[in-house]
>>> print(open('data_0.txt').read())   # compact mmCIF, C-alpha atoms
# COMPACT_ATOMS: atom_id res chain seq x y z
CA MET A 1 105.50 21.29 -75.36
CA THR A 2 106.62 17.65 -75.32
CA THR A 3 103.92 15.01 -75.31
CA PHE A 4 104.98 11.95 -73.41
CA PHE A 5 103.66 8.48 -74.10
CA LEU A 6 103.08 8.01 -70.39
CA ARG A 7 102.96 10.59 -67.64
CA THR A 8 102.02 10.29 -64.00
CA ARG A 9 101.41 13.18 -61.67
CA GLY A 10 101.13 12.94 -57.90
CA LEU A 11 100.31 9.22 -57.82
CA THR A 12 99.48 8.26 -54.28
CA THR A 13 98.15 4.94 -53.08
CA HIS A 14 97.01 3.97 -49.61
CA PHE A 15 95.92 0.55 -48.41
CA GLY A 16 94.01 1.41 -45.28
CA TYR A 17 96.48 3.27 -43.08
CA VAL A 18 99.52 2.10 -45.06
CA LYS A 19 100.92 4.65 -47.51
CA ALA A 20 102.32 2.50 -50.34
CA LEU A 21 103.16 5.41 -52.68
CA THR A 22 103.16 9.14 -52.09
CA ASP A 23 103.26 11.83 -54.80
CA ILE A 24 105.00 9.91 -57.62
CA SER A 25 105.51 11.72 -60.92
CA LEU A 26 107.06 10.13 -63.98
CA ASP A 27 107.48 11.03 -67.66
CA VAL A 28 108.14 8.33 -70.28
CA HIS A 29 108.78 8.94 -73.97
CA GLY A 30 107.52 6.42 -76.53
CA GLY A 31 110.10 3.66 -77.10
CA GLN A 32 111.99 4.55 -73.93
CA VAL A 33 113.13 1.70 -71.70
CA LEU A 34 113.28 2.34 -67.96
CA ALA A 35 114.24 0.29 -64.94
CA LEU A 36 112.55 0.76 -61.61
CA VAL A 37 114.87 -0.11 -58.74
CA GLY A 38 114.65 0.17 -54.99
CA GLU A 39 114.62 -1.67 -51.71
CA ASN A 40 112.00 -4.23 -50.76
CA GLY A 41 108.86 -2.39 -49.73
CA ALA A 42 109.77 0.76 -51.66
CA GLY A 43 106.60 0.56 -53.79
CA LYS A 44 107.98 -0.75 -57.11
CA SER A 45 105.35 -3.45 -57.54
CA THR A 46 102.57 -1.11 -56.41
CA MET A 47 103.67 1.44 -59.01
CA MET A 48 103.63 -1.18 -61.75
CA ARG A 49 100.21 -2.42 -60.70
CA LEU A 50 98.91 1.15 -60.88
CA LEU A 51 100.31 1.55 -64.38
CA GLU A 52 98.91 -1.76 -65.59
CA GLY A 53 95.44 -1.07 -64.19
CA ALA A 54 95.44 -3.69 -61.43
CA PHE A 55 95.20 -0.98 -58.73
CA ALA A 56 93.57 2.45 -58.81
CA PRO A 57 95.43 5.40 -57.33
CA THR A 58 94.08 7.02 -54.18
CA LEU A 59 95.20 10.41 -55.55
CA GLY A 60 96.91 11.67 -58.69
CA GLY A 61 96.55 10.57 -62.25
CA ILE A 62 97.95 8.86 -65.30
CA GLU A 63 98.04 10.25 -68.84
CA ILE A 64 98.65 8.43 -72.11
CA GLU A 65 99.78 10.72 -74.93
CA GLY A 66 98.46 13.74 -73.04
CA ARG A 67 95.02 12.28 -72.27
CA PRO A 68 93.96 11.36 -68.72
CA VAL A 69 93.18 7.65 -68.35
CA SER A 70 91.66 5.45 -65.71
CA PHE A 71 92.07 1.78 -66.53
CA GLY A 72 90.33 -0.13 -63.77
CA GLN A 73 91.66 -3.41 -65.16
CA PRO A 74 94.82 -4.65 -66.90
CA ARG A 75 93.02 -5.38 -70.18
CA LYS A 76 92.31 -1.66 -70.63
CA ALA A 77 95.93 -0.78 -69.88
CA HIS A 78 97.07 -3.40 -72.41
CA ALA A 79 94.81 -1.87 -75.06
CA ALA A 80 96.45 1.50 -74.35
CA GLY A 81 99.90 0.01 -74.94
CA ILE A 82 100.99 -0.60 -71.35
CA ARG A 83 102.37 -4.03 -70.50
CA VAL A 84 104.33 -4.98 -67.43
CA ILE A 85 106.70 -7.93 -67.39
CA HIS A 86 107.18 -8.98 -63.79
CA GLN A 87 110.40 -10.41 -62.40
CA GLN A 88 108.68 -13.66 -61.53
CA PRO A 89 106.95 -14.91 -64.68
CA GLU A 90 103.26 -15.63 -64.24
CA ILE A 91 103.18 -18.83 -66.24
CA VAL A 92 100.53 -21.51 -65.72
CA PRO A 93 102.48 -24.79 -65.84
CA ASP A 94 99.49 -26.94 -66.83
CA LEU A 95 98.75 -24.82 -69.92
CA THR A 96 100.55 -24.94 -73.26
CA VAL A 97 103.04 -22.37 -74.51
CA ALA A 98 100.36 -21.01 -76.87
CA GLU A 99 97.75 -20.73 -74.11
CA ASN A 100 100.21 -18.92 -71.84
CA ILE A 101 101.25 -16.48 -74.56
CA PHE A 102 97.66 -15.55 -75.37
CA THR A 103 96.21 -15.73 -71.85
CA GLY A 104 93.44 -13.16 -71.62
CA ASP A 105 93.31 -12.81 -75.40
CA LEU A 106 92.56 -16.30 -76.71
CA PRO A 107 91.15 -16.34 -80.26
CA ARG A 108 87.52 -17.37 -80.44
CA MET A 109 85.15 -18.87 -82.95
CA GLY A 110 81.86 -17.23 -82.25
CA ARG A 111 81.12 -16.31 -78.69
CA PHE A 112 81.96 -19.42 -76.71
CA PHE A 113 84.49 -21.60 -78.54
CA LEU A 114 88.24 -21.27 -78.75
CA ASP A 115 89.79 -21.26 -82.21
CA TRP A 116 92.53 -23.79 -81.46
CA SER A 117 94.01 -23.82 -84.97
CA LYS A 118 94.37 -20.00 -84.96
CA LEU A 119 95.81 -20.10 -81.44
CA TYR A 120 98.53 -22.58 -82.43
CA ALA A 121 99.24 -20.86 -85.77
CA ASP A 122 99.53 -17.44 -84.11
CA ALA A 123 101.80 -18.86 -81.41
CA GLU A 124 104.01 -20.55 -84.01
CA ALA A 125 104.33 -17.27 -85.95
CA LEU A 126 105.23 -15.40 -82.77
CA LEU A 127 107.77 -18.05 -81.71
CA LYS A 128 109.44 -17.67 -85.13
CA THR A 129 109.43 -13.87 -84.86
CA PHE A 130 111.21 -14.07 -81.51
CA GLY A 131 113.64 -16.77 -82.65
CA MET A 132 112.18 -19.27 -80.20
CA ALA A 133 110.64 -21.79 -82.65
CA GLY A 134 113.56 -24.18 -82.11
CA ASP A 135 113.27 -24.00 -78.32
CA LEU A 136 109.50 -23.97 -77.73
CA ARG A 137 106.48 -25.53 -79.42
CA PRO A 138 102.97 -24.06 -79.25
CA ARG A 139 101.40 -27.28 -77.88
CA GLN A 140 104.17 -27.88 -75.33
CA LEU A 141 103.13 -27.74 -71.67
CA CYS A 142 104.95 -25.08 -69.66
CA ALA A 143 105.68 -27.37 -66.71
CA GLY A 144 109.43 -27.91 -66.61
CA LEU A 145 110.42 -24.86 -68.67
CA GLY A 146 113.51 -23.02 -67.53
CA PRO A 147 113.49 -19.46 -66.18
CA ALA A 148 114.67 -17.92 -69.47
CA GLN A 149 111.97 -19.72 -71.46
CA ARG A 150 109.26 -18.63 -69.00
CA GLN A 151 110.50 -15.04 -69.21
CA MET A 152 110.39 -15.16 -73.03
CA ILE A 153 106.78 -16.33 -72.88
CA GLU A 154 106.02 -13.30 -70.69
CA ILE A 155 107.76 -11.01 -73.19
CA MET A 156 105.86 -12.52 -76.12
CA ARG A 157 102.61 -12.12 -74.20
CA ALA A 158 103.39 -8.49 -73.55
CA ASP A 159 104.58 -7.60 -77.03
CA ASP A 160 102.00 -5.44 -78.77
CA ARG A 161 103.29 -6.54 -82.15
CA LEU A 162 101.49 -9.86 -81.74
CA ARG A 163 98.27 -8.06 -82.59
CA GLN A 164 99.58 -6.84 -85.94
CA ALA A 165 98.22 -8.80 -88.87
CA ASP A 166 101.64 -9.22 -90.49
CA LEU A 167 102.98 -11.18 -87.52
CA VAL A 168 100.10 -13.53 -86.89
CA ALA A 169 98.59 -16.13 -89.15
CA PRO A 170 95.31 -15.23 -90.89
>>> encode(input="data_0.txt", output="structure tokens")
Amino acid sequence: MTTFFLRTRGLTTHFGYVKALTDISLDVHGGQVLALVGENGAGKSTMMRLLEGAFAPTLGGIEIEGRPVSFGQPRKAHAAGIRVIHQQPEIVPDLTVAENIFTGDLPRMGRFFLDWSKLYADAEALLKTFGMAGDLRPRQLCAGLGPAQRQMIEIMRADDRLRQADLVAP
């Protein structure tokens, strides 16, 4: 029996009387790249928000590597290896490149303080890994960045490799 990285069975989501998704099943192998296409209103964004933990299904379920999961919030989906890169990048223009890359996962010193030197060092290492060190700087504000640069920040944010010790500064 094949174990899939991600499997959905009978996903159904209702918002009041509106049926956003009905009985969606999907199997995804590890490392597989898929595209979700369809008309406006077909439920693509709703499906992605279910997978990333932003919405809970009304019916049906999600499995990761054969185990049922219920995320409840995107952070839990991220920890399970699920990241969604949306068509319209969710970049905060008044934050730096580093802050946007590590949004939701900023390094801390103790409980309350940000570790700014680690943040900038980690961002610099990640920019080098993605070949973007010549185009973007960790302390650069994101206001005025082009669409491709904003999309690359989203990809770097989503990339699970950024949590591996060999890619980030100590």
>>> residues_around(input="data_0.txt", residues="segment 59-65 of chain A", least_positions_apart="2", cutoff="7 Å", atoms="only C-alpha atoms", output="ChimeraX atom specification")
/A:3-13,57,67-69
>>> write_last_selection(input="data_0.txt", atoms="C-alpha atoms", output="PDB file, in the frame of the given file")
ATOM      1  CA  THR A   3     103.920  15.010 -75.310  1.00  0.00           C
ATOM      2  CA  PHE A   4     104.980  11.950 -73.410  1.00  0.00           C
ATOM      3  CA  PHE A   5     103.660   8.480 -74.100  1.00  0.00           C
ATOM      4  CA  LEU A   6     103.080   8.010 -70.390  1.00  0.00           C
ATOM      5  CA  ARG A   7     102.960  10.590 -67.640  1.00  0.00           C
ATOM      6  CA  THR A   8     102.020  10.290 -64.000  1.00  0.00           C
ATOM      7  CA  ARG A   9     101.410  13.180 -61.670  1.00  0.00           C
ATOM      8  CA  GLY A  10     101.130  12.940 -57.900  1.00  0.00           C
ATOM      9  CA  LEU A  11     100.310   9.220 -57.820  1.00  0.00           C
ATOM     10  CA  THR A  12      99.480   8.260 -54.280  1.00  0.00           C
ATOM     11  CA  THR A  13      98.150   4.940 -53.080  1.00  0.00           C
ATOM     12  CA  PRO A  57      95.430   5.400 -57.330  1.00  0.00           C
ATOM     13  CA  ARG A  67      95.020  12.280 -72.270  1.00  0.00           C
ATOM     14  CA  PRO A  68      93.960  11.360 -68.720  1.00  0.00           C
ATOM     15  CA  VAL A  69      93.180   7.650 -68.350  1.00  0.00           C
TER      16      VAL A  69
END
>>> closest_residue(input="data_0.txt", among="A:Leu50, A:Ala77, A:Met132, A:Leu119", to="Phe102 of chain A", atoms="all atoms listed in the file")
A:Leu119
>>> residues_around(input="data_0.txt", residues="Leu145 of chain A", least_positions_apart="2", cutoff="12 Å", atoms="only C-alpha atoms", output="PyMOL selection string")
chain A and resi 89+91-97+135-137+140-143+147-153
>>> closest_residue(input="data_0.txt", among="A:Ile101, A:Tyr17, A:His86, A:Ala35", to="Leu127 of chain A", atoms="all atoms listed in the file")
A:Ile101
>>> atom_distance(input="data_0.txt", atom1="atom CA of Phe71 of chain A", atom2="atom CA of Leu51 of chain A")
8.5 Å
>>> atom_distance(input="data_0.txt", atom1="atom CA of Arg75 of chain A", atom2="atom CA of Asp105 of chain A")
9.1 Å
>>> closest_residue(input="data_0.txt", among="A:Met156, A:Val18, A:Ile82, A:Met48", to="Gly30 of chain A", atoms="only C-alpha atoms")
A:Ile82
>>> closest_residue(input="data_0.txt", among="A:Leu21, A:Trp116, A:His78, A:Leu36", to="Asp159 of chain A", atoms="all atoms listed in the file")
A:His78
>>> closest_residue(input="data_0.txt", among="A:Glu90, A:Thr58, A:Ser45, A:Asn40", to="Thr103 of chain A", atoms="all atoms listed in the file")
A:Glu90
>>> atom_distance(input="data_0.txt", atom1="atom CA of Ile24 of chain A", atom2="atom CA of Lys44 of chain A")
11.1 Å
>>> closest_residue(input="data_0.txt", among="A:Glu99, A:Leu126, A:Arg49, A:Arg139", to="Ile85 of chain A", atoms="all atoms listed in the file")
A:Arg49
>>> axis_aligned_box(input="data_0.txt", around="segment 21-30 of chain A", padding_each_side="6 Å", output="AutoDock Vina command-line options")
--center_x 106.0 --center_y 8.6 --center_z -64.3 --size_x 17.6 --size_y 18.4 --size_z 36.4
